[in-house]
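Colleague: The file below is entry.cif, mmCIF, C-alpha atoms:
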```cif
data_target
loop_
_atom_site.group_PDB
_atom_site.id
_atom_site.type_symbol
_atom_site.label_atom_id
_atom_site.label_comp_id
_atom_site.auth_asym_id
_atom_site.auth_seq_id
_atom_site.Cartn_x
_atom_site.Cartn_y
_atom_site.Cartn_z
ATOM 1 C CA MET A 802 0.000 0.000 0.000
ATOM 2 C CA ALA A 803 1.369 3.414 -0.973
ATOM 3 C CA LEU A 804 2.086 5.975 1.717
ATOM 4 C CA LEU A 805 -0.841 8.421 1.820
ATOM 5 C CA LEU A 806 -0.153 11.964 2.986
ATOM 6 C CA ALA A 807 -2.677 14.782 3.127
ATOM 7 C CA GLN A 808 -1.421 18.360 2.904
ATOM 8 C CA LEU A 809 -2.963 21.650 3.987
ATOM 9 C CA SER A 810 -1.406 25.072 3.741
ATOM 10 C CA ASP A 811 -2.102 28.696 4.528
ATOM 11 C CA LEU A 812 -4.812 28.438 7.162
ATOM 12 C CA HIS A 813 -4.207 32.056 8.277
ATOM 13 C CA LEU A 814 -6.105 31.597 11.523
ATOM 14 C CA ASP A 815 -6.820 35.095 12.801
ATOM 15 C CA GLY A 816 -9.446 34.631 15.501
ATOM 16 C CA GLY A 817 -12.253 35.275 13.035
ATOM 17 C CA GLU A 818 -15.141 32.939 12.329
ATOM 18 C CA ARG A 819 -14.342 32.531 8.632
ATOM 19 C CA ALA A 820 -10.820 31.112 9.053
ATOM 20 C CA THR A 821 -11.951 28.919 11.940
ATOM 21 C CA GLU A 822 -14.899 27.479 10.018
ATOM 22 C CA ARG A 823 -12.858 26.726 6.911
ATOM 23 C CA THR A 824 -10.143 24.949 8.872
ATOM 24 C CA ALA A 825 -12.674 22.999 10.933
ATOM 25 C CA ARG A 826 -14.483 21.978 7.738
ATOM 26 C CA VAL A 827 -11.331 20.575 6.164
ATOM 27 C CA MET A 828 -10.301 18.738 9.326
ATOM 28 C CA GLU A 829 -13.743 17.140 9.653
ATOM 29 C CA TYR A 830 -13.477 16.000 6.041
ATOM 30 C CA LEU A 831 -10.080 14.414 6.691
ATOM 31 C CA ARG A 832 -11.249 12.719 9.880
ATOM 32 C CA SER A 833 -14.258 11.237 8.038
ATOM 33 C CA LEU A 834 -12.313 9.587 5.194
ATOM 34 C CA PRO A 835 -12.777 5.809 4.900
ATOM 35 C CA ARG A 836 -8.988 5.489 4.915
ATOM 36 C CA ALA A 837 -7.234 7.946 7.156
ATOM 37 C CA PRO A 838 -4.054 9.507 5.798
ATOM 38 C CA ASP A 839 -0.821 8.203 7.263
ATOM 39 C CA ALA A 840 -0.084 11.810 8.216
ATOM 40 C CA LEU A 841 -1.239 15.357 7.593
ATOM 41 C CA LEU A 842 1.357 17.915 6.529
ATOM 42 C CA VAL A 843 0.613 21.581 7.265
ATOM 43 C CA THR A 844 3.046 23.719 5.299
ATOM 44 C CA GLY A 845 2.992 27.079 6.994
ATOM 45 C CA ASP A 846 1.064 30.286 7.522
ATOM 46 C CA ILE A 847 -0.893 28.484 10.181
ATOM 47 C CA ALA A 848 -1.446 31.745 12.042
ATOM 48 C CA ASP A 849 -2.149 35.053 10.339
ATOM 49 C CA HIS A 850 -0.471 37.409 12.825
ATOM 50 C CA GLY A 851 1.718 35.008 14.818
ATOM 51 C CA ALA A 852 -0.347 35.609 17.960
ATOM 52 C CA GLU A 853 -0.379 33.073 20.773
ATOM 53 C CA SER A 854 -4.182 32.906 20.646
ATOM 54 C CA GLU A 855 -3.997 31.878 16.989
ATOM 55 C CA TYR A 856 -1.707 28.947 17.830
ATOM 56 C CA ARG A 857 -3.893 27.861 20.718
ATOM 57 C CA GLU A 858 -6.764 27.680 18.249
ATOM 58 C CA ALA A 859 -4.611 25.884 15.686
ATOM 59 C CA ALA A 860 -3.559 23.258 18.219
ATOM 60 C CA ALA A 861 -7.213 22.524 18.990
ATOM 61 C CA LEU A 862 -8.408 22.519 15.378
ATOM 62 C CA LEU A 863 -5.589 20.302 14.098
ATOM 63 C CA LYS A 864 -6.138 17.490 16.591
ATOM 64 C CA ALA A 865 -6.612 14.270 14.645
ATOM 65 C CA PRO A 866 -6.353 10.473 14.955
ATOM 66 C CA PHE A 867 -3.323 10.602 12.629
ATOM 67 C CA PRO A 868 0.003 12.424 12.946
ATOM 68 C CA VAL A 869 -0.025 16.130 12.117
ATOM 69 C CA LEU A 870 3.351 17.446 10.949
ATOM 70 C CA CYS A 871 3.918 21.190 10.573
ATOM 71 C CA CYS A 872 6.456 23.682 9.333
ATOM 72 C CA PRO A 873 6.273 27.477 9.705
ATOM 73 C CA GLY A 874 5.477 30.070 7.039
ATOM 74 C CA ASN A 875 6.247 33.747 6.698
ATOM 75 C CA HIS A 876 3.181 34.733 8.777
ATOM 76 C CA ASP A 877 4.204 32.434 11.630
ATOM 77 C CA ASP A 878 6.138 33.337 14.764
ATOM 78 C CA ARG A 879 8.763 30.767 15.707
ATOM 79 C CA ALA A 880 8.488 31.233 19.471
ATOM 80 C CA ALA A 881 4.696 30.867 19.608
ATOM 81 C CA TYR A 882 4.814 28.075 17.012
ATOM 82 C CA LEU A 883 7.274 26.091 19.149
ATOM 83 C CA ARG A 884 5.346 26.644 22.352
ATOM 84 C CA PHE A 885 1.826 25.835 21.218
ATOM 85 C CA LEU A 886 2.287 23.414 18.309
ATOM 86 C CA LEU A 887 5.402 21.507 19.360
ATOM 87 C CA ASP A 888 5.152 22.016 23.138
ATOM 88 C CA GLU A 889 8.755 23.204 23.229
ATOM 89 C CA PRO A 890 10.422 26.301 24.683
ATOM 90 C CA PRO A 891 11.416 29.151 22.354
ATOM 91 C CA ALA A 892 14.755 28.679 20.631
ATOM 92 C CA ASP A 893 16.893 30.575 18.183
ATOM 93 C CA GLY A 894 17.251 29.433 14.609
ATOM 94 C CA PRO A 895 15.079 27.508 12.176
ATOM 95 C CA VAL A 896 12.590 24.893 13.345
ATOM 96 C CA ASN A 897 13.395 21.695 11.422
ATOM 97 C CA ARG A 898 12.006 18.247 12.180
ATOM 98 C CA SER A 899 12.199 14.831 10.490
ATOM 99 C CA TYR A 900 9.611 12.072 10.773
ATOM 100 C CA ARG A 901 9.751 8.430 9.774
ATOM 101 C CA MET A 902 6.514 7.519 8.005
ATOM 102 C CA GLY A 903 6.427 3.834 7.123
ATOM 103 C CA ASP A 904 9.268 3.196 4.706
ATOM 104 C CA ALA A 905 9.812 6.901 3.974
ATOM 105 C CA VAL A 906 11.053 10.007 5.771
ATOM 106 C CA VAL A 907 9.386 13.417 5.711
ATOM 107 C CA LEU A 908 11.527 16.451 6.479
ATOM 108 C CA MET A 909 9.524 19.472 7.639
ATOM 109 C CA CYS A 910 11.879 22.357 6.925
ATOM 110 C CA ASP A 911 11.860 25.965 8.113
ATOM 111 C CA ALA A 912 12.418 28.221 5.098
ATOM 112 C CA THR A 913 11.263 31.418 6.800
ATOM 113 C CA ILE A 914 13.246 34.632 7.131
ATOM 114 C CA PRO A 915 11.829 36.476 10.164
ATOM 115 C CA GLY A 916 10.217 39.737 9.081
ATOM 116 C CA ARG A 917 10.245 38.942 5.366
ATOM 117 C CA ASN A 918 7.857 37.229 2.935
ATOM 118 C CA GLU A 919 10.375 35.439 0.752
ATOM 119 C CA GLY A 920 11.967 32.217 1.912
ATOM 120 C CA ARG A 921 15.431 30.731 2.221
ATOM 121 C CA LEU A 922 16.843 27.410 3.314
ATOM 122 C CA ASP A 923 19.784 28.773 5.292
ATOM 123 C CA ASP A 924 23.092 26.997 5.830
ATOM 124 C CA GLU A 925 21.948 25.492 9.133
ATOM 125 C CA THR A 926 18.880 23.996 7.492
ATOM 126 C CA LEU A 927 20.751 22.776 4.412
ATOM 127 C CA ASP A 928 23.355 21.138 6.672
ATOM 128 C CA TRP A 929 20.561 19.465 8.619
ATOM 129 C CA ILE A 930 18.880 18.220 5.438
ATOM 130 C CA ALA A 931 22.159 16.838 4.091
ATOM 131 C CA THR A 932 23.006 15.121 7.385
ATOM 132 C CA THR A 933 19.516 13.659 7.731
ATOM 133 C CA LEU A 934 19.431 12.352 4.166
ATOM 134 C CA GLY A 935 22.988 11.053 4.495
ATOM 135 C CA GLY A 936 21.924 8.937 7.455
ATOM 136 C CA LEU A 937 19.218 7.134 5.496
ATOM 137 C CA GLY A 938 19.681 3.886 3.661
ATOM 138 C CA GLU A 939 19.809 4.008 -0.123
ATOM 139 C CA GLU A 940 16.375 2.406 -0.277
ATOM 140 C CA VAL A 941 14.623 5.038 1.912
ATOM 141 C CA PRO A 942 12.752 7.732 -0.050
ATOM 142 C CA ALA A 943 12.354 11.233 1.389
ATOM 143 C CA LEU A 944 10.029 14.178 0.934
ATOM 144 C CA LEU A 945 11.047 17.740 1.781
ATOM 145 C CA ALA A 946 8.262 20.079 2.899
ATOM 146 C CA PHE A 947 8.640 23.837 3.374
ATOM 147 C CA HIS A 948 6.557 26.949 2.828
ATOM 148 C CA GLN A 949 7.694 28.960 -0.203
ATOM 149 C CA PRO A 950 7.992 27.279 -3.626
ATOM 150 C CA PRO A 951 11.476 27.342 -5.185
ATOM 151 C CA VAL A 952 10.089 28.097 -8.660
ATOM 152 C CA ALA A 953 8.053 30.817 -10.365
ATOM 153 C CA LEU A 954 4.384 29.946 -10.845
ATOM 154 C CA GLY A 955 3.259 32.646 -13.261
ATOM 155 C CA HIS A 956 1.762 35.205 -10.894
ATOM 156 C CA ALA A 957 3.558 38.297 -9.611
ATOM 157 C CA LEU A 958 2.312 37.937 -6.025
ATOM 158 C CA PRO A 959 3.815 34.562 -5.064
ATOM 159 C CA ASP A 960 6.669 34.890 -7.541
ATOM 160 C CA SER A 961 7.894 38.034 -5.767
ATOM 161 C CA SER A 962 8.335 36.113 -2.498
ATOM 162 C CA ARG A 963 9.304 32.595 -3.491
ATOM 163 C CA LEU A 964 12.158 30.568 -2.045
ATOM 164 C CA GLU A 965 15.628 31.941 -2.752
ATOM 165 C CA ALA A 966 16.909 28.617 -4.061
ATOM 166 C CA GLY A 967 20.654 28.677 -4.609
ATOM 167 C CA GLN A 968 23.159 26.322 -6.168
ATOM 168 C CA ARG A 969 23.681 24.507 -2.901
ATOM 169 C CA LEU A 970 20.108 23.196 -2.931
ATOM 170 C CA VAL A 971 20.576 22.035 -6.535
ATOM 171 C CA GLU A 972 23.745 20.180 -5.529
ATOM 172 C CA LEU A 973 22.109 18.703 -2.420
ATOM 173 C CA LEU A 974 19.278 17.240 -4.480
ATOM 174 C CA ALA A 975 21.757 15.863 -7.012
ATOM 175 C CA ASP A 976 23.696 14.200 -4.195
ATOM 176 C CA HIS A 977 20.534 12.663 -2.723
ATOM 177 C CA PRO A 978 18.402 11.226 -5.543
ATOM 178 C CA ARG A 979 16.156 9.526 -2.976
ATOM 179 C CA VAL A 980 14.250 12.839 -2.603
ATOM 180 C CA ALA A 981 10.920 12.062 -4.294
ATOM 181 C CA GLY A 982 9.378 15.523 -4.096
ATOM 182 C CA LEU A 983 9.328 19.034 -2.670
ATOM 183 C CA LEU A 984 5.998 19.917 -1.019
ATOM 184 C CA THR A 985 5.205 23.599 -0.497
ATOM 185 C CA GLY A 986 2.414 26.114 0.035
ATOM 186 C CA HIS A 987 2.448 29.938 0.179
ATOM 187 C CA ALA A 988 1.056 30.591 -3.323
ATOM 188 C CA HIS A 989 -2.620 29.909 -2.478
ATOM 189 C CA THR A 990 -3.049 27.953 -5.715
ATOM 190 C CA PRO A 991 -2.594 24.236 -6.373
ATOM 191 C CA ALA A 992 0.275 23.787 -8.789
ATOM 192 C CA ALA A 993 2.858 21.297 -10.015
ATOM 193 C CA SER A 994 6.319 22.008 -11.376
ATOM 194 C CA SER A 995 9.894 20.792 -10.937
ATOM 195 C CA PHE A 996 13.167 22.050 -9.505
ATOM 196 C CA ALA A 997 16.546 20.485 -10.273
ATOM 197 C CA GLY A 998 14.695 17.531 -11.755
ATOM 198 C CA VAL A 999 12.629 16.933 -8.608
ATOM 199 C CA PRO A 1000 8.824 17.279 -8.587
ATOM 200 C CA VAL A 1001 7.479 20.391 -6.846
ATOM 201 C CA VAL A 1002 3.886 20.306 -5.614
ATOM 202 C CA VAL A 1003 2.180 23.418 -4.250
ATOM 203 C CA ALA A 1004 -0.807 22.745 -2.018
ATOM 204 C CA PRO A 1005 -4.004 24.801 -2.287
ATOM 205 C CA ALA A 1006 -4.771 27.216 0.524
ATOM 206 C CA VAL A 1007 -7.434 26.828 3.169
ATOM 207 C CA THR A 1008 -8.108 30.562 3.505
ATOM 208 C CA TRP A 1009 -8.513 31.858 -0.103
ATOM 209 C CA THR A 1010 -7.515 30.921 -3.629
ATOM 210 C CA LEU A 1011 -5.235 32.953 -5.888
ATOM 211 C CA ARG A 1012 -6.750 34.012 -9.196
ATOM 212 C CA MET A 1013 -4.211 33.552 -11.959
ATOM 213 C CA PRO A 1014 -3.784 36.368 -14.532
ATOM 214 C CA TRP A 1015 -6.033 34.655 -17.084
ATOM 215 C CA GLU A 1016 -8.847 34.468 -14.515
ATOM 216 C CA GLY A 1017 -9.260 38.199 -14.014
ATOM 217 C CA PRO A 1018 -7.667 41.165 -12.250
ATOM 218 C CA SER A 1019 -8.886 40.411 -8.707
ATOM 219 C CA VAL A 1020 -6.178 38.561 -6.786
ATOM 220 C CA ALA A 1021 -8.066 36.725 -4.032
ATOM 221 C CA ASP A 1022 -11.043 34.454 -4.665
ATOM 222 C CA ARG A 1023 -12.521 34.286 -1.183
ATOM 223 C CA ASP A 1024 -15.576 32.341 -2.382
ATOM 224 C CA ALA A 1025 -13.556 29.354 -3.610
ATOM 225 C CA PRO A 1026 -13.752 26.434 -1.171
ATOM 226 C CA PRO A 1027 -10.677 25.351 0.792
ATOM 227 C CA GLY A 1028 -8.471 22.737 -0.837
ATOM 228 C CA VAL A 1029 -6.448 19.680 0.131
ATOM 229 C CA ALA A 1030 -3.609 17.853 -1.595
ATOM 230 C CA PHE A 1031 -3.288 14.074 -1.303
ATOM 231 C CA HIS A 1032 0.119 12.591 -2.034
ATOM 232 C CA LEU A 1033 0.736 8.929 -2.800
ATOM 233 C CA LEU A 1034 4.315 7.684 -2.526
ATOM 234 C CA ASP A 1035 4.537 4.191 -3.993
ATOM 235 C CA ALA A 1036 7.059 1.382 -3.752
ATOM 236 C CA ASP A 1037 8.926 2.765 -6.770
ATOM 237 C CA HIS A 1038 9.364 6.108 -4.948
ATOM 238 C CA ARG A 1039 7.018 7.767 -7.430
ATOM 239 C CA LEU A 1040 4.993 10.679 -6.112
ATOM 240 C CA THR A 1041 1.417 11.108 -7.358
ATOM 241 C CA THR A 1042 -0.769 13.985 -6.151
ATOM 242 C CA HIS A 1043 -4.535 14.480 -6.222
ATOM 243 C CA PHE A 1044 -6.246 17.770 -5.331
ATOM 244 C CA ARG A 1045 -9.660 18.095 -3.715
ATOM 245 C CA VAL A 1046 -11.860 20.988 -2.600
ATOM 246 C CA VAL A 1047 -13.987 20.738 0.536
ATOM 247 C CA VAL A 1048 -17.436 22.289 0.156
#
```
Once more with this new file: its structure as structure tokens, please.

Modeller:
Amino acid sequence: MALLLAQLSDLHLDGGERATERTARVMEYLRSLPRAPDALLVTGDIADHGAESEYREAAALLKAPFPVLCCPGNHDDRAAYLRFLLDEPPADGPVNRSYRMGDAVVLMCDATIPGRNEGRLDDETLDWIATTLGGLGEEVPALLAFHQPPVALGHALPDSSRLEAGQRLVELLADHPRVAGLLTGHAHTPAASSFAGVPVVVAPAVTWTLRMPWEGPSVADRDAPPGVAFHLLDADHRLTTHFRVVV
């Protein structure tokens, strides 16, 4: 049976009824599936303002009978994120965690730059990724999850604040061909691309959907339902993704 991962992104919980209802709706949908996902990945912008109250709400809403793995986004505050989502004291530096999921490993990476919208995998994080991947057997596939996509998607808003992906990330992926995919959020539109020959999948947002240039001048479609990505990682280390909206 393939590993089944669900992915949410960009909840932007702000204490308002709209964000709460949309997140609760998606979580109820996931909890009601005939086959539960092996894990849920939440790829950043969990809170809208980085307030402690927003993370308290997130911790309650994201409770599930399956593992919930998170990484921060540019709207998140590392100290509050650590305290309320990971039950850990504040610490300096990026918040990176790895999780063994069946026969695979998922690395939840912190690509945030405090105070800025664009992302970067800094040297500490790249060292951690390389060390973690280097400790895996050749037969163990890995997925890297972080907030900002490393590629342009064709819209000025997300493209102006994407991941600053340098040569070192290209070389890291070349050195570790077991990486089956890069899973991101931030853009508020489901998308698929590639970076350095590795699949890139951008999850839809829970809060609102980005209108692409061919869909009209208004940026945010707040009437579009929240979306979910479902990733299947099979025995051949092939990543297949399905997108769903939750009405």

Colleague: For Arg879 of chain A, which residue among A:Phe1031, A:Trp929, A:Phe1044, A:Tyr856 is the nearest when counting only C-alpha atoms?

Modeller: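 Once distances to Arg879 of chain A are computed over only C-alpha atoms, the minimum belongs to A:Tyr856.
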
Colleague: Just the number, please: distance in Å from atom CA of Leu927 of chain A to atom CA of Arg901 of chain A, one decimal.

Modeller: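 Computing the Euclidean distance for atom CA of Leu927 of chain A and atom CA of Arg901 of chain A yields 18.9 Å.
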
Colleague: Taking the file as I've supplied it (selection: the PyMOL selection byres ((chain A and resi 830-841) around 8)), which residues are included? Please answer as a PDB file with C-alpha atoms, in the frame of the given file.

Modeller:
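Dumped everything to out-v4.pdb:
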```pdb
ATOM      1  CA  LEU A 804       2.086   5.975   1.717  1.00  0.00           C
ATOM      2  CA  LEU A 805      -0.841   8.421   1.820  1.00  0.00           C
ATOM      3  CA  LEU A 806      -0.153  11.964   2.986  1.00  0.00           C
ATOM      4  CA  ALA A 807      -2.677  14.782   3.127  1.00  0.00           C
ATOM      5  CA  GLN A 808      -1.421  18.360   2.904  1.00  0.00           C
ATOM      6  CA  LEU A 809      -2.963  21.650   3.987  1.00  0.00           C
ATOM      7  CA  ARG A 826     -14.483  21.978   7.738  1.00  0.00           C
ATOM      8  CA  VAL A 827     -11.331  20.575   6.164  1.00  0.00           C
ATOM      9  CA  MET A 828     -10.301  18.738   9.326  1.00  0.00           C
ATOM     10  CA  GLU A 829     -13.743  17.140   9.653  1.00  0.00           C
ATOM     11  CA  LEU A 842       1.357  17.915   6.529  1.00  0.00           C
ATOM     12  CA  VAL A 843       0.613  21.581   7.265  1.00  0.00           C
ATOM     13  CA  ALA A 865      -6.612  14.270  14.645  1.00  0.00           C
ATOM     14  CA  PRO A 866      -6.353  10.473  14.955  1.00  0.00           C
ATOM     15  CA  PHE A 867      -3.323  10.602  12.629  1.00  0.00           C
ATOM     16  CA  PRO A 868       0.003  12.424  12.946  1.00  0.00           C
ATOM     17  CA  VAL A 869      -0.025  16.130  12.117  1.00  0.00           C
ATOM     18  CA  LEU A 870       3.351  17.446  10.949  1.00  0.00           C
ATOM     19  CA  MET A 902       6.514   7.519   8.005  1.00  0.00           C
ATOM     20  CA  VAL A1047     -13.987  20.738   0.536  1.00  0.00           C
TER      21      VAL A1047
END
```

Colleague: Please determine, counting all atoms listed in the file, which residue among A:Asp1037, A:Glu855, A:Asp846, A:Glu822 has the shortest atom-to-atom distance to Asp904 of chain A.

Modeller: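 The answer is A:Asp1037, which sits nearest to Asp904 of chain A.
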
Colleague: Please determine, counting only C-alpha atoms, which residue among A:Ala803, A:Ala1030, A:Leu958, A:Ala992 has the shortest atom-to-atom distance to Arg1045 of chain A.

Modeller: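 With only C-alpha atoms as the atom set, the closest residue is A:Ala1030.
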
Colleague: Could I get the residues of segment 843-944 of chain A with an atom no further than 12 Å from an atom of segment 995-1018 of chain A, each paired with its nearest atom pair and that distance in Å to one decimal, using only C-alpha atoms, sorted by chain and residue number, as a tab-separated table?

Modeller:
```
residue	atom	partner	partner_atom	distance
A:Val843	CA	A:Ala1004	CA	9.5
A:Thr844	CA	A:Ala1004	CA	8.3
A:Gly845	CA	A:Ala1006	CA	10.1
A:Asp846	CA	A:Ala1006	CA	9.6
A:Ile847	CA	A:Val1007	CA	9.7
A:Ala848	CA	A:Thr1008	CA	10.9
A:Asp849	CA	A:Thr1008	CA	10.1
A:Ala943	CA	A:Val999	CA	11.5
A:Leu944	CA	A:Pro1000	CA	10.1
```

Colleague: Counting all atoms listed in the file, which residue out of A:Arg969, A:Arg898, A:His956, A:His948 sits closest to Thr985 of chain A?

Modeller: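 So, comparing all the options, the nearest one is A:His948.
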
Colleague: Take the PyMOL selection byres ((chain A and resi 909-926) around 10), run it mentally on this structure, and tell me the resulting residues as a PyMOL selection string.

Modeller: chain A and resi 842-845+870-879+894-900+906-908+927-932+944-951+959-967+969-970+984+987

Colleague: Write a file of the just-selected residues containing C-alpha atoms, as a compact mmCIF listing (two decimals), in the frame of the given file.

Modeller:
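Final file, again.txt:
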```
# COMPACT_ATOMS: atom_id res chain seq x y z
CA LEU A 842 1.36 17.92 6.53
CA VAL A 843 0.61 21.58 7.26
CA THR A 844 3.05 23.72 5.30
CA GLY A 845 2.99 27.08 6.99
CA LEU A 870 3.35 17.45 10.95
CA CYS A 871 3.92 21.19 10.57
CA CYS A 872 6.46 23.68 9.33
CA PRO A 873 6.27 27.48 9.70
CA GLY A 874 5.48 30.07 7.04
CA ASN A 875 6.25 33.75 6.70
CA HIS A 876 3.18 34.73 8.78
CA ASP A 877 4.20 32.43 11.63
CA ASP A 878 6.14 33.34 14.76
CA ARG A 879 8.76 30.77 15.71
CA GLY A 894 17.25 29.43 14.61
CA PRO A 895 15.08 27.51 12.18
CA VAL A 896 12.59 24.89 13.34
CA ASN A 897 13.40 21.70 11.42
CA ARG A 898 12.01 18.25 12.18
CA SER A 899 12.20 14.83 10.49
CA TYR A 900 9.61 12.07 10.77
CA VAL A 906 11.05 10.01 5.77
CA VAL A 907 9.39 13.42 5.71
CA LEU A 908 11.53 16.45 6.48
CA LEU A 927 20.75 22.78 4.41
CA ASP A 928 23.36 21.14 6.67
CA TRP A 929 20.56 19.46 8.62
CA ILE A 930 18.88 18.22 5.44
CA ALA A 931 22.16 16.84 4.09
CA THR A 932 23.01 15.12 7.38
CA LEU A 944 10.03 14.18 0.93
CA LEU A 945 11.05 17.74 1.78
CA ALA A 946 8.26 20.08 2.90
CA PHE A 947 8.64 23.84 3.37
CA HIS A 948 6.56 26.95 2.83
CA GLN A 949 7.69 28.96 -0.20
CA PRO A 950 7.99 27.28 -3.63
CA PRO A 951 11.48 27.34 -5.18
CA PRO A 959 3.82 34.56 -5.06
CA ASP A 960 6.67 34.89 -7.54
CA SER A 961 7.89 38.03 -5.77
CA SER A 962 8.34 36.11 -2.50
CA ARG A 963 9.30 32.60 -3.49
CA LEU A 964 12.16 30.57 -2.04
CA GLU A 965 15.63 31.94 -2.75
CA ALA A 966 16.91 28.62 -4.06
CA GLY A 967 20.65 28.68 -4.61
CA ARG A 969 23.68 24.51 -2.90
CA LEU A 970 20.11 23.20 -2.93
CA LEU A 984 6.00 19.92 -1.02
CA HIS A 987 2.45 29.94 0.18
```

Colleague: In Å, with one decimal, what is the gap from atom CA of Gly816 of chain A to atom CA of Ala860 of chain A?

Modeller: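 Calculated distance between atom CA of Gly816 of chain A and atom CA of Ala860 of chain A is 13.1 Å.
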
Colleague: Rounded to one decimal in Å, what is the spacing between atom CA of Gly938 of chain A and atom CA of His1032 of chain A?

Modeller: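 Distance between the two atoms: 22.2 Å.
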
Colleague: Given the point (25.3, 15.2, -0.6) in the file's coordinates, find the residues that have an atom at most 9 Å from it, counting all atoms listed in the file, and give them as a list in words.

Modeller: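 Here the neighbourhood of the point contains Ala931, Thr932, Leu934, Gly935, Glu972, Leu973, Leu974, Ala975, Asp976 and His977 of chain A.
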
Colleague: With C-alpha atoms retained, export the selected residues as a PDB file, in the frame of the given file.

Modeller:
```pdb
ATOM      1  CA  ALA A 931      22.159  16.838   4.091  1.00  0.00           C
ATOM      2  CA  THR A 932      23.006  15.121   7.385  1.00  0.00           C
ATOM      3  CA  LEU A 934      19.431  12.352   4.166  1.00  0.00           C
ATOM      4  CA  GLY A 935      22.988  11.053   4.495  1.00  0.00           C
ATOM      5  CA  GLU A 972      23.745  20.180  -5.529  1.00  0.00           C
ATOM      6  CA  LEU A 973      22.109  18.703  -2.420  1.00  0.00           C
ATOM      7  CA  LEU A 974      19.278  17.240  -4.480  1.00  0.00           C
ATOM      8  CA  ALA A 975      21.757  15.863  -7.012  1.00  0.00           C
ATOM      9  CA  ASP A 976      23.696  14.200  -4.195  1.00  0.00           C
ATOM     10  CA  HIS A 977      20.534  12.663  -2.723  1.00  0.00           C
TER      11      HIS A 977
END
```

Colleague: When distances are computed from all atoms listed in the file, which of A:Ala953, A:Val1029, A:Leu1040, A:Leu937 shows the smallest separation from Leu983 of chain A?

Modeller: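 Comparing A:Ala953, A:Val1029, A:Leu1040, A:Leu937 against Leu983 of chain A, the winner is A:Leu1040.
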
Colleague: Mind rebuilding segment 856-867 of chain A with N, CA, C and O atoms and writing that out as a CSV table (one decimal), in the frame of the given file?

Modeller:
```csv
chain,number,residue,atom,x,y,z
A,856,TYR,N,-2.3,30.3,17.7
A,856,TYR,CA,-1.7,28.9,17.8
A,856,TYR,C,-2.5,28.1,18.8
A,856,TYR,O,-2.5,26.8,18.6
A,857,ARG,N,-3.0,28.7,19.8
A,857,ARG,CA,-3.9,27.9,20.7
A,857,ARG,C,-5.1,27.3,19.9
A,857,ARG,O,-5.4,26.1,20.1
A,858,GLU,N,-5.7,28.1,19.1
A,858,GLU,CA,-6.8,27.7,18.2
A,858,GLU,C,-6.3,26.6,17.3
A,858,GLU,O,-7.0,25.6,17.0
A,859,ALA,N,-5.1,26.8,16.6
A,859,ALA,CA,-4.6,25.9,15.7
A,859,ALA,C,-4.4,24.5,16.3
A,859,ALA,O,-4.7,23.5,15.8
A,860,ALA,N,-3.8,24.5,17.5
A,860,ALA,CA,-3.6,23.3,18.2
A,860,ALA,C,-4.9,22.5,18.5
A,860,ALA,O,-4.9,21.2,18.3
A,861,ALA,N,-5.9,23.2,18.8
A,861,ALA,CA,-7.2,22.5,19.0
A,861,ALA,C,-7.8,22.0,17.7
A,861,ALA,O,-8.3,20.9,17.6
A,862,LEU,N,-7.8,22.9,16.7
A,862,LEU,CA,-8.4,22.5,15.4
A,862,LEU,C,-7.7,21.4,14.7
A,862,LEU,O,-8.3,20.6,14.0
A,863,LEU,N,-6.4,21.3,14.8
A,863,LEU,CA,-5.6,20.3,14.1
A,863,LEU,C,-5.5,19.0,14.8
A,863,LEU,O,-4.8,18.1,14.3
A,864,LYS,N,-6.1,18.8,15.9
A,864,LYS,CA,-6.1,17.5,16.6
A,864,LYS,C,-6.8,16.5,15.7
A,864,LYS,O,-7.8,16.7,15.1
A,865,ALA,N,-6.1,15.3,15.6
A,865,ALA,CA,-6.6,14.3,14.6
A,865,ALA,C,-6.1,12.9,15.1
A,865,ALA,O,-5.2,12.8,15.9
A,866,PRO,N,-6.8,11.8,14.6
A,866,PRO,CA,-6.4,10.5,15.0
A,866,PRO,C,-5.2,10.0,14.1
A,866,PRO,O,-4.9,8.8,14.0
A,867,PHE,N,-4.5,10.9,13.4
A,867,PHE,CA,-3.3,10.6,12.6
A,867,PHE,C,-2.3,11.7,12.9
A,867,PHE,O,-2.6,12.8,13.4
```
